[in-house]
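J.: Input structure: final-v4.pdb, which contains PDB, C-alpha atoms.
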```pdb
ATOM      1  CA  MET O   1      12.205  -3.539  90.311
ATOM      2  CA  ALA O   2       9.204  -5.451  89.009
ATOM      3  CA  VAL O   3       9.451  -9.210  88.528
ATOM      4  CA  GLY O   4      11.469  -9.903  85.394
ATOM      5  CA  ASP O   5      12.978  -6.427  85.157
ATOM      6  CA  LYS O   6      16.226  -7.423  86.896
ATOM      7  CA  GLN O   7      16.550 -10.463  84.629
ATOM      8  CA  LYS O   8      16.186  -8.243  81.538
ATOM      9  CA  LEU O   9      18.682  -5.722  82.897
ATOM     10  CA  ILE O  10      21.317  -8.353  83.709
ATOM     11  CA  THR O  11      20.802  -9.985  80.316
ATOM     12  CA  ASP O  12      21.314  -6.610  78.618
ATOM     13  CA  ILE O  13      24.512  -6.014  80.600
ATOM     14  CA  VAL O  14      25.845  -9.472  79.721
ATOM     15  CA  ALA O  15      25.132  -8.690  76.051
ATOM     16  CA  THR O  16      27.043  -5.416  76.385
ATOM     17  CA  VAL O  17      30.016  -7.142  78.024
ATOM     18  CA  LEU O  18      30.119 -10.019  75.525
ATOM     19  CA  LYS O  19      29.427  -7.756  72.535
ATOM     20  CA  GLU O  20      26.876 -10.349  71.438
ATOM     21  CA  PRO O  21      23.098  -9.825  71.236
ATOM     22  CA  ALA O  22      20.989 -11.906  73.581
ATOM     23  CA  GLN O  23      18.512 -14.187  71.834
ATOM     24  CA  THR O  24      15.465 -14.420  74.097
ATOM     25  CA  ASP O  25      13.014 -16.063  71.680
ATOM     26  CA  ILE O  26      15.098 -19.049  70.615
ATOM     27  CA  SER O  27      13.936 -22.660  70.991
ATOM     28  CA  PHE O  28      15.715 -25.999  70.709
ATOM     29  CA  ASN O  29      14.047 -29.238  69.608
ATOM     30  CA  TRP O  30      15.721 -31.112  72.483
ATOM     31  CA  PHE O  31      14.503 -28.637  75.096
ATOM     32  CA  ILE O  32      10.969 -29.838  75.801
ATOM     33  CA  ASN O  33       8.776 -30.168  78.902
ATOM     34  CA  LYS O  34       9.387 -33.869  79.614
ATOM     35  CA  HIS O  35      12.483 -36.023  79.885
ATOM     36  CA  THR O  36      13.195 -38.607  77.199
ATOM     37  CA  GLN O  37      15.943 -41.151  76.644
ATOM     38  CA  GLU O  38      16.545 -39.601  73.221
ATOM     39  CA  HIS O  39      17.338 -36.169  74.625
ATOM     40  CA  PHE O  40      19.020 -37.060  77.917
ATOM     41  CA  GLY O  41      21.162 -39.982  76.763
ATOM     42  CA  LYS O  42      23.653 -40.927  79.507
ATOM     43  CA  TYR O  43      21.841 -38.695  82.004
ATOM     44  CA  PHE O  44      18.392 -40.225  81.477
ATOM     45  CA  THR O  45      18.552 -42.445  84.573
ATOM     46  CA  THR O  46      19.664 -39.444  86.636
ATOM     47  CA  ILE O  47      16.885 -37.110  85.494
ATOM     48  CA  ASP O  48      14.382 -39.937  85.958
ATOM     49  CA  LYS O  49      15.527 -40.361  89.568
ATOM     50  CA  ILE O  50      15.247 -36.606  90.139
ATOM     51  CA  PHE O  51      11.715 -36.597  88.721
ATOM     52  CA  THR O  52      10.719 -39.467  91.012
ATOM     53  CA  SER O  53      12.409 -37.942  94.071
ATOM     54  CA  LEU O  54      10.384 -34.757  93.549
ATOM     55  CA  ASN O  55       7.160 -36.844  93.456
ATOM     56  CA  GLY O  56       6.540 -36.388  89.766
ATOM     57  CA  ASP O  57       3.746 -38.383  88.132
ATOM     58  CA  LYS O  58       5.251 -40.297  85.196
ATOM     59  CA  GLN O  59       1.920 -41.246  83.645
ATOM     60  CA  ALA O  60       0.734 -37.641  83.731
ATOM     61  CA  SER O  61       4.050 -36.443  82.317
ATOM     62  CA  GLN O  62       3.905 -38.852  79.390
ATOM     63  CA  ALA O  63       0.295 -37.929  78.669
ATOM     64  CA  LYS O  64       0.718 -34.153  78.681
ATOM     65  CA  ARG O  65       1.156 -32.197  75.488
ATOM     66  CA  THR O  66       4.784 -31.874  74.409
ATOM     67  CA  MET O  67       5.935 -28.266  74.296
ATOM     68  CA  THR O  68       9.277 -26.576  73.791
ATOM     69  CA  LEU O  69      10.635 -24.688  76.772
ATOM     70  CA  ASP O  70      12.081 -21.201  76.940
ATOM     71  CA  CYS O  71      15.470 -20.231  78.272
ATOM     72  CA  ASP O  72      16.162 -16.795  79.714
ATOM     73  CA  ALA O  73      18.640 -16.008  76.941
ATOM     74  CA  TYR O  74      21.029 -17.613  74.498
ATOM     75  CA  PHE O  75      24.336 -16.105  73.406
ATOM     76  CA  GLY O  76      25.609 -17.467  70.115
ATOM     77  CA  GLY O  77      28.804 -16.950  68.161
ATOM     78  CA  GLN O  78      31.923 -18.002  70.050
ATOM     79  CA  HIS O  79      29.946 -18.007  73.311
ATOM     80  CA  ASN O  80      27.268 -20.611  72.491
ATOM     81  CA  PHE O  81      25.631 -20.848  75.915
ATOM     82  CA  ILE O  82      22.285 -20.418  77.630
ATOM     83  CA  LEU O  83      22.089 -17.781  80.359
ATOM     84  CA  GLU O  84      19.764 -18.340  83.303
ATOM     85  CA  PHE O  85      18.956 -15.721  85.928
ATOM     86  CA  ASP O  86      17.934 -17.367  89.200
ATOM     87  CA  GLU O  87      15.705 -15.364  91.519
ATOM     88  CA  TYR O  88      15.013 -16.483  95.085
ATOM     89  CA  GLN O  89      12.134 -18.793  94.116
ATOM     90  CA  HIS O  90      14.656 -21.107  92.419
ATOM     91  CA  PHE O  91      16.360 -21.807  95.747
ATOM     92  CA  SER O  92      13.773 -24.208  97.128
ATOM     93  CA  SER O  93      13.857 -27.468  99.064
ATOM     94  CA  ALA O  94      13.104 -29.244  95.780
ATOM     95  CA  ARG O  95      16.094 -27.638  94.082
ATOM     96  CA  LEU O  96      18.318 -28.601  97.009
ATOM     97  CA  LYS O  97      17.140 -32.199  96.683
ATOM     98  CA  SER O  98      17.856 -32.236  92.947
ATOM     99  CA  PHE O  99      21.524 -31.473  93.575
ATOM    100  CA  GLU O 100      21.865 -34.767  95.470
ATOM    101  CA  PHE O 101      21.710 -36.545  92.095
ATOM    102  CA  TYR O 102      24.054 -34.353  90.030
ATOM    103  CA  PRO O 103      26.692 -36.524  88.296
ATOM    104  CA  THR O 104      30.318 -35.857  89.135
ATOM    105  CA  ASP O 105      31.159 -35.576  85.418
ATOM    106  CA  LEU O 106      28.565 -32.861  84.762
ATOM    107  CA  LYS O 107      30.223 -29.571  83.861
ATOM    108  CA  VAL O 108      28.466 -26.506  85.257
ATOM    109  CA  ASN O 109      29.339 -22.807  85.077
ATOM    110  CA  PHE O 110      28.272 -22.019  88.627
ATOM    111  CA  SER O 111      29.223 -23.193  92.093
ATOM    112  CA  VAL O 112      26.912 -26.034  93.088
ATOM    113  CA  ASP O 113      28.028 -25.573  96.699
ATOM    114  CA  GLN O 114      27.027 -21.900  96.538
ATOM    115  CA  TRP O 115      23.643 -22.794  95.041
ATOM    116  CA  LYS O 116      23.090 -25.409  97.766
ATOM    117  CA  GLN O 117      23.895 -22.824 100.434
ATOM    118  CA  LEU O 118      21.446 -20.377  98.862
ATOM    119  CA  CYS O 119      18.811 -23.122  98.947
ATOM    120  CA  GLU O 120      19.506 -23.646 102.650
ATOM    121  CA  THR O 121      19.146 -19.919 103.252
ATOM    122  CA  HIS O 122      16.111 -19.156 101.103
ATOM    123  CA  ARG O 123      14.142 -22.396 100.839
ATOM    124  CA  ASP O 124      11.486 -21.429 103.389
ATOM    125  CA  LYS O 125      10.605 -18.327 101.378
ATOM    126  CA  ALA O 126      10.991 -20.146  98.051
ATOM    127  CA  ASP O 127       8.787 -23.038  99.174
ATOM    128  CA  LYS O 128       5.999 -20.581 100.035
ATOM    129  CA  TYR O 129       6.173 -18.839  96.655
ATOM    130  CA  ARG O 130       2.880 -19.636  94.882
ATOM    131  CA  LYS O 131       2.654 -22.788  96.995
ATOM    132  CA  ALA O 132      -0.919 -23.498  95.875
ATOM    133  CA  LYS O 133       0.121 -23.632  92.205
ATOM    134  CA  THR O 134       0.181 -27.146  90.745
ATOM    135  CA  THR O 135       1.119 -28.648  87.378
ATOM    136  CA  THR O 136      -0.064 -31.664  85.420
ATOM    137  CA  ASP O 137       2.986 -33.749  86.315
ATOM    138  CA  PHE O 138       3.405 -32.382  89.858
ATOM    139  CA  ASN O 139      -0.211 -32.235  90.938
ATOM    140  CA  PHE O 140       0.115 -31.316  94.618
ATOM    141  CA  ALA O 141       0.614 -28.213  96.757
ATOM    142  CA  GLY O 142       4.079 -26.944  95.918
ATOM    143  CA  GLY O 143       3.972 -28.760  92.592
ATOM    144  CA  ARG O 144       5.024 -25.760  90.534
ATOM    145  CA  THR O 145       8.054 -25.326  92.796
ATOM    146  CA  ALA O 146       8.992 -28.993  92.301
ATOM    147  CA  GLN O 147       8.562 -28.622  88.548
ATOM    148  CA  ARG O 148      10.773 -25.525  88.527
ATOM    149  CA  ALA O 149      13.568 -27.506  90.202
ATOM    150  CA  TYR O 150      13.086 -30.405  87.780
ATOM    151  CA  LEU O 151      13.258 -28.136  84.736
ATOM    152  CA  ASP O 152      16.284 -26.293  86.117
ATOM    153  CA  CYS O 153      18.049 -29.647  85.824
ATOM    154  CA  PHE O 154      17.156 -29.710  82.120
ATOM    155  CA  ARG O 155      18.979 -26.408  81.703
ATOM    156  CA  ASP O 156      22.083 -27.855  83.378
ATOM    157  CA  PHE O 157      22.111 -31.302  81.737
ATOM    158  CA  LEU O 158      20.858 -30.876  78.178
ATOM    159  CA  PRO O 159      22.855 -28.086  76.493
ATOM    160  CA  GLN O 160      26.232 -29.809  76.652
ATOM    161  CA  LEU O 161      24.679 -33.031  75.343
ATOM    162  CA  HIS O 162      23.518 -31.109  72.274
ATOM    163  CA  GLY O 163      26.529 -29.047  71.247
ATOM    164  CA  LEU O 164      26.250 -26.044  73.580
ATOM    165  CA  LYS O 165      28.631 -24.984  76.303
ATOM    166  CA  PRO O 166      27.470 -25.404  79.910
ATOM    167  CA  THR O 167      24.680 -23.074  80.993
ATOM    168  CA  VAL O 168      25.804 -19.912  82.784
ATOM    169  CA  ARG O 169      23.766 -19.119  85.893
ATOM    170  CA  ILE O 170      23.699 -15.758  87.653
ATOM    171  CA  ASN O 171      21.629 -15.417  90.804
ATOM    172  CA  GLU O 172      19.906 -12.302  92.075
ATOM    173  CA  PHE O 173      22.059 -12.192  95.215
ATOM    174  CA  GLU O 174      25.216 -11.706  93.126
ATOM    175  CA  VAL O 175      23.857  -8.545  91.521
ATOM    176  CA  THR O 176      21.829  -6.823  94.239
ATOM    177  CA  ASP O 177      23.655  -3.513  93.764
ATOM    178  CA  ILE O 178      23.132  -3.316  89.985
ATOM    179  CA  TYR O 179      20.303  -1.042  88.859
ATOM    180  CA  ALA O 180      21.439   0.218  85.452
ATOM    181  CA  ASN O 181      23.522  -0.766  82.457
ATOM    182  CA  ASN O 182      26.505   1.473  83.123
ATOM    183  CA  LYS O 183      30.279   1.187  83.300
ATOM    184  CA  ASP O 184      30.377   0.022  86.930
ATOM    185  CA  ALA O 185      27.719  -2.611  86.272
ATOM    186  CA  CYS O 186      29.540  -3.841  83.173
ATOM    187  CA  ASN O 187      32.793  -4.122  85.119
ATOM    188  CA  LYS O 188      31.076  -6.134  87.834
ATOM    189  CA  ILE O 189      29.353  -8.472  85.366
ATOM    190  CA  GLU O 190      32.584  -8.903  83.400
ATOM    191  CA  LYS O 191      34.392 -10.005  86.571
ATOM    192  CA  LEU O 192      31.506 -12.289  87.501
ATOM    193  CA  LEU O 193      31.463 -13.917  84.073
ATOM    194  CA  LYS O 194      35.190 -14.615  84.305
ATOM    195  CA  THR O 195      34.495 -16.768  87.359
ATOM    196  CA  LYS O 196      31.766 -18.683  85.527
ATOM    197  CA  ILE O 197      32.902 -19.135  81.921
ATOM    198  CA  ALA O 198      35.725 -21.625  81.533
TER
END
```
Starting from the file, lay out its structure as structure tokens.
T.:
Amino acid sequence: MAVGDKQKLITDIVATVLKEPAQTDISFNWFINKHTQEHFGKYFTTIDKIFTSLNGDKQASQAKRTMTLDCDAYFGGQHNFILEFDEYQHFSSARLKSFEFYPTDLKVNFSVDQWKQLCETHRDKADKYRKAKTTTDFNFAGGRTAQRAYLDCFRDFLPQLHGLKPTVRINEFEVTDIYANNKDACNKIEKLLKTKIA
């Protein structure tokens, strides 16, 4: 499958299982491309430490244009959560480092231990993914990878601070045998969601 096709397929299957349309063009005013005390509240110190640990440039971050970020999908109604589909490039050394700072009171709808193990397994490949790509606030080789890890933290921390349920994460390794939205795929996703949605 082409890049992005698996994400769309899994999102469509989740929508079928939940009987709720996926909103893929939604934005939230608290979901922007830099961390602020206003948006992060009690987790501001934590996200600031993560940013620093990943060698982020605070001056460059503050100076860059503020933009809203996209999520992979949002499911409203009784569900009220963001869905994120993590492909291998999310399981980097930077992402592994970010987990060192996760607060014990942070509710997540995925196994942090499993995600750490996937980082251990796939970080060499993930770290090489578009390694030359930089960003304004992570202006070094591997900067885009560091930024991806930093912004993944936004998706875990922010929603529950702003009235949403914890973000649901599905990774590509959990759904390797799914290639179509059919009964078997729906059954598998339904079982998977039951392990993730409290």
J.: How would you write, as a ChimeraX atom specification, the residues chosen by the PyMOL selection byres ((chain O and resi 175-188) around 12) on this structure?
T.: /O:1-2,5-19,85-88,169-174,189-195
J.: Could you expand the PyMOL selection byres ((chain O and resi 150-156) around 8) into the explicit residues it covers here, written as a short mmCIF file (atom, residue, chain, number, x, y, z; two decimals) with C-alpha atoms, in the frame of the given file?
T.:
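The resulting out-v7.cif:
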```
data_model
loop_
_atom_site.label_atom_id
_atom_site.label_comp_id
_atom_site.auth_asym_id
_atom_site.auth_seq_id
_atom_site.Cartn_x
_atom_site.Cartn_y
_atom_site.Cartn_z
CA PHE O 31 14.50 -28.64 75.10
CA ASN O 33 8.78 -30.17 78.90
CA ILE O 47 16.89 -37.11 85.49
CA ILE O 50 15.25 -36.61 90.14
CA PHE O 51 11.72 -36.60 88.72
CA LEU O 54 10.38 -34.76 93.55
CA CYS O 71 15.47 -20.23 78.27
CA ILE O 82 22.28 -20.42 77.63
CA ARG O 95 16.09 -27.64 94.08
CA SER O 98 17.86 -32.24 92.95
CA VAL O 108 28.47 -26.51 85.26
CA ALA O 146 8.99 -28.99 92.30
CA GLN O 147 8.56 -28.62 88.55
CA ARG O 148 10.77 -25.52 88.53
CA ALA O 149 13.57 -27.51 90.20
CA PHE O 157 22.11 -31.30 81.74
CA LEU O 158 20.86 -30.88 78.18
CA PRO O 159 22.86 -28.09 76.49
CA PRO O 166 27.47 -25.40 79.91
CA THR O 167 24.68 -23.07 80.99
#
```
J.: Quick one: apply the PyMOL selection byres ((chain O and resi 118) around 12) to the file and drop the selected residues here as a PyMOL selection string.
T.: chain O and resi 86-93+95-96+111-117+119-126+171-174
J.: Mind giving me the straight-line distance from CA of Ser61 (chain O) to CA of His39 (chain O) in Å, one decimal?
T.: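 Atom-to-atom, CA of Ser61 (chain O) to CA of His39 (chain O), that is 15.4 Å.
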J.: Expressed in Å to a single decimal, how great is the separation between CA of Lys64 (chain O) and CA of Gln37 (chain O)?
T.: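 So the answer is 16.9 Å.
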J.: Excluding Val168 (chain O) and any residue of its chain fewer than 5 positions from it, enumerate the residues within 8 Å of it, using all atoms listed in the file, and give them as JSON, numbers by chain.
T.: {"O": [81, 82, 83, 84, 108, 109, 110, 196, 197]}
J.: Pick out the closest residue to Phe28 (chain O) from this set: O:Leu161, O:Leu69, O:Ala94, O:Ala141. Count all atoms listed in the file.
T.: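 Selected residue with least distance to Phe28 (chain O): O:Leu69.
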J.: For CA of Gln78 (chain O) and CA of His35 (chain O), determine how far apart the two atoms are, in Å to one decimal place.
T.: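 Result for CA of Gln78 (chain O) versus CA of His35 (chain O): 28.3 Å, one decimal.
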J.: Of the candidates O:Lys165, O:Phe140, O:Thr104, O:Ala73, which shows the shortest atom-to-atom distance to Thr24 (chain O), using only C-alpha atoms?
T.: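 Under the stated criterion, the closest residue is O:Ala73.
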J.: Using all atoms listed in the file, which of the listed residues (O:Gly77, O:Trp30, O:Thr136, O:Gly163) sits closest to Arg65 (chain O)?
T.: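 Answer, going by the shortest atom-to-atom distance: O:Thr136.
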J.: With only C-alpha atoms as the basis for distance, which of O:Asp25, O:Asp48, O:Glu38, O:Asp57 is at the shortest distance from Asp72 (chain O)?
T.: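 Checking each candidate against Asp72 (chain O), we get O:Asp25 as the closest.
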J.: Pick the closest to Gly143 (chain O) from O:Asn80, O:Thr36, O:Thr45, O:Asn55: which is it, counting only C-alpha atoms?
T.: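 Counting only C-alpha atoms, the residue closest to Gly143 (chain O) is O:Asn55.
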J.: Box for region 194-198 of chain O - axis-aligned, 5 Å on each of the six sides, all listed atoms - centre and size in Å to one decimal, as AutoDock Vina command-line options.
T.:
```
--center_x 33.7 --center_y -18.1 --center_z 84.4 --size_x 14.0 --size_y 17.0 --size_z 15.8
```
J.: Please export region 5-33 of chain O as a compact mmCIF listing (two decimals), in the first residue's frame, restricted to N, CA and C atoms.
T.:
```txt
# COMPACT_ATOMS: atom_id res chain seq x y z
N ASP O 5 -2.23 5.15 2.69
CA ASP O 5 -3.38 4.32 2.33
C ASP O 5 -3.82 3.43 3.50
N LYS O 6 -2.86 2.87 4.23
CA LYS O 6 -3.20 1.99 5.36
C LYS O 6 -3.89 2.80 6.45
N GLN O 7 -3.39 4.02 6.68
CA GLN O 7 -4.02 4.90 7.68
C GLN O 7 -5.48 5.16 7.32
N LYS O 8 -5.74 5.47 6.05
CA LYS O 8 -7.12 5.73 5.60
C LYS O 8 -7.98 4.49 5.76
N LEU O 9 -7.43 3.34 5.39
CA LEU O 9 -8.19 2.09 5.50
C LEU O 9 -8.55 1.79 6.95
N ILE O 10 -7.58 1.89 7.85
CA ILE O 10 -7.84 1.59 9.26
C ILE O 10 -8.84 2.59 9.84
N THR O 11 -8.71 3.84 9.45
CA THR O 11 -9.67 4.86 9.91
C THR O 11 -11.08 4.53 9.44
N ASP O 12 -11.20 4.09 8.20
CA ASP O 12 -12.52 3.71 7.65
C ASP O 12 -13.10 2.52 8.41
N ILE O 13 -12.24 1.56 8.75
CA ILE O 13 -12.72 0.38 9.48
C ILE O 13 -13.16 0.76 10.90
N VAL O 14 -12.39 1.63 11.54
CA VAL O 14 -12.77 2.10 12.88
C VAL O 14 -14.13 2.80 12.81
N ALA O 15 -14.34 3.60 11.78
CA ALA O 15 -15.62 4.29 11.59
C ALA O 15 -16.76 3.28 11.42
N THR O 16 -16.50 2.23 10.67
CA THR O 16 -17.51 1.18 10.48
C THR O 16 -17.84 0.50 11.81
N VAL O 17 -16.81 0.17 12.57
CA VAL O 17 -17.00 -0.52 13.85
C VAL O 17 -17.74 0.36 14.85
N LEU O 18 -17.37 1.63 14.91
CA LEU O 18 -17.96 2.56 15.89
C LEU O 18 -19.30 3.12 15.44
N LYS O 19 -19.61 2.91 14.15
CA LYS O 19 -20.83 3.49 13.57
C LYS O 19 -20.86 5.01 13.76
N GLU O 20 -19.69 5.60 13.54
CA GLU O 20 -19.50 7.05 13.70
C GLU O 20 -18.55 7.52 12.61
N PRO O 21 -18.93 8.54 11.83
CA PRO O 21 -18.03 9.00 10.77
C PRO O 21 -16.74 9.59 11.34
N ALA O 22 -15.66 9.35 10.64
CA ALA O 22 -14.37 9.93 11.04
C ALA O 22 -14.29 11.35 10.52
N GLN O 23 -13.94 12.28 11.38
CA GLN O 23 -13.71 13.66 10.96
C GLN O 23 -12.20 13.84 10.76
N THR O 24 -11.79 14.05 9.53
CA THR O 24 -10.36 14.13 9.22
C THR O 24 -9.91 15.55 8.89
N ASP O 25 -10.83 16.50 8.95
CA ASP O 25 -10.47 17.90 8.64
C ASP O 25 -10.79 18.83 9.81
N ILE O 26 -10.85 18.26 11.00
CA ILE O 26 -11.21 19.05 12.18
C ILE O 26 -9.96 19.70 12.78
N SER O 27 -10.11 20.85 13.40
CA SER O 27 -9.00 21.50 14.10
C SER O 27 -9.49 21.96 15.47
N PHE O 28 -8.54 22.10 16.38
CA PHE O 28 -8.84 22.54 17.74
C PHE O 28 -7.95 23.73 18.05
N ASN O 29 -8.49 24.75 18.71
CA ASN O 29 -7.70 25.97 18.95
C ASN O 29 -6.56 25.74 19.94
N TRP O 30 -6.61 24.65 20.68
CA TRP O 30 -5.53 24.33 21.63
C TRP O 30 -4.47 23.40 21.02
N PHE O 31 -4.71 22.98 19.80
CA PHE O 31 -3.80 22.04 19.15
C PHE O 31 -2.98 22.79 18.10
N ILE O 32 -1.91 23.44 18.58
CA ILE O 32 -1.08 24.27 17.71
C ILE O 32 0.36 23.75 17.73
N ASN O 33 1.22 24.34 16.92
CA ASN O 33 2.56 23.80 16.67
C ASN O 33 3.64 24.26 17.66
```
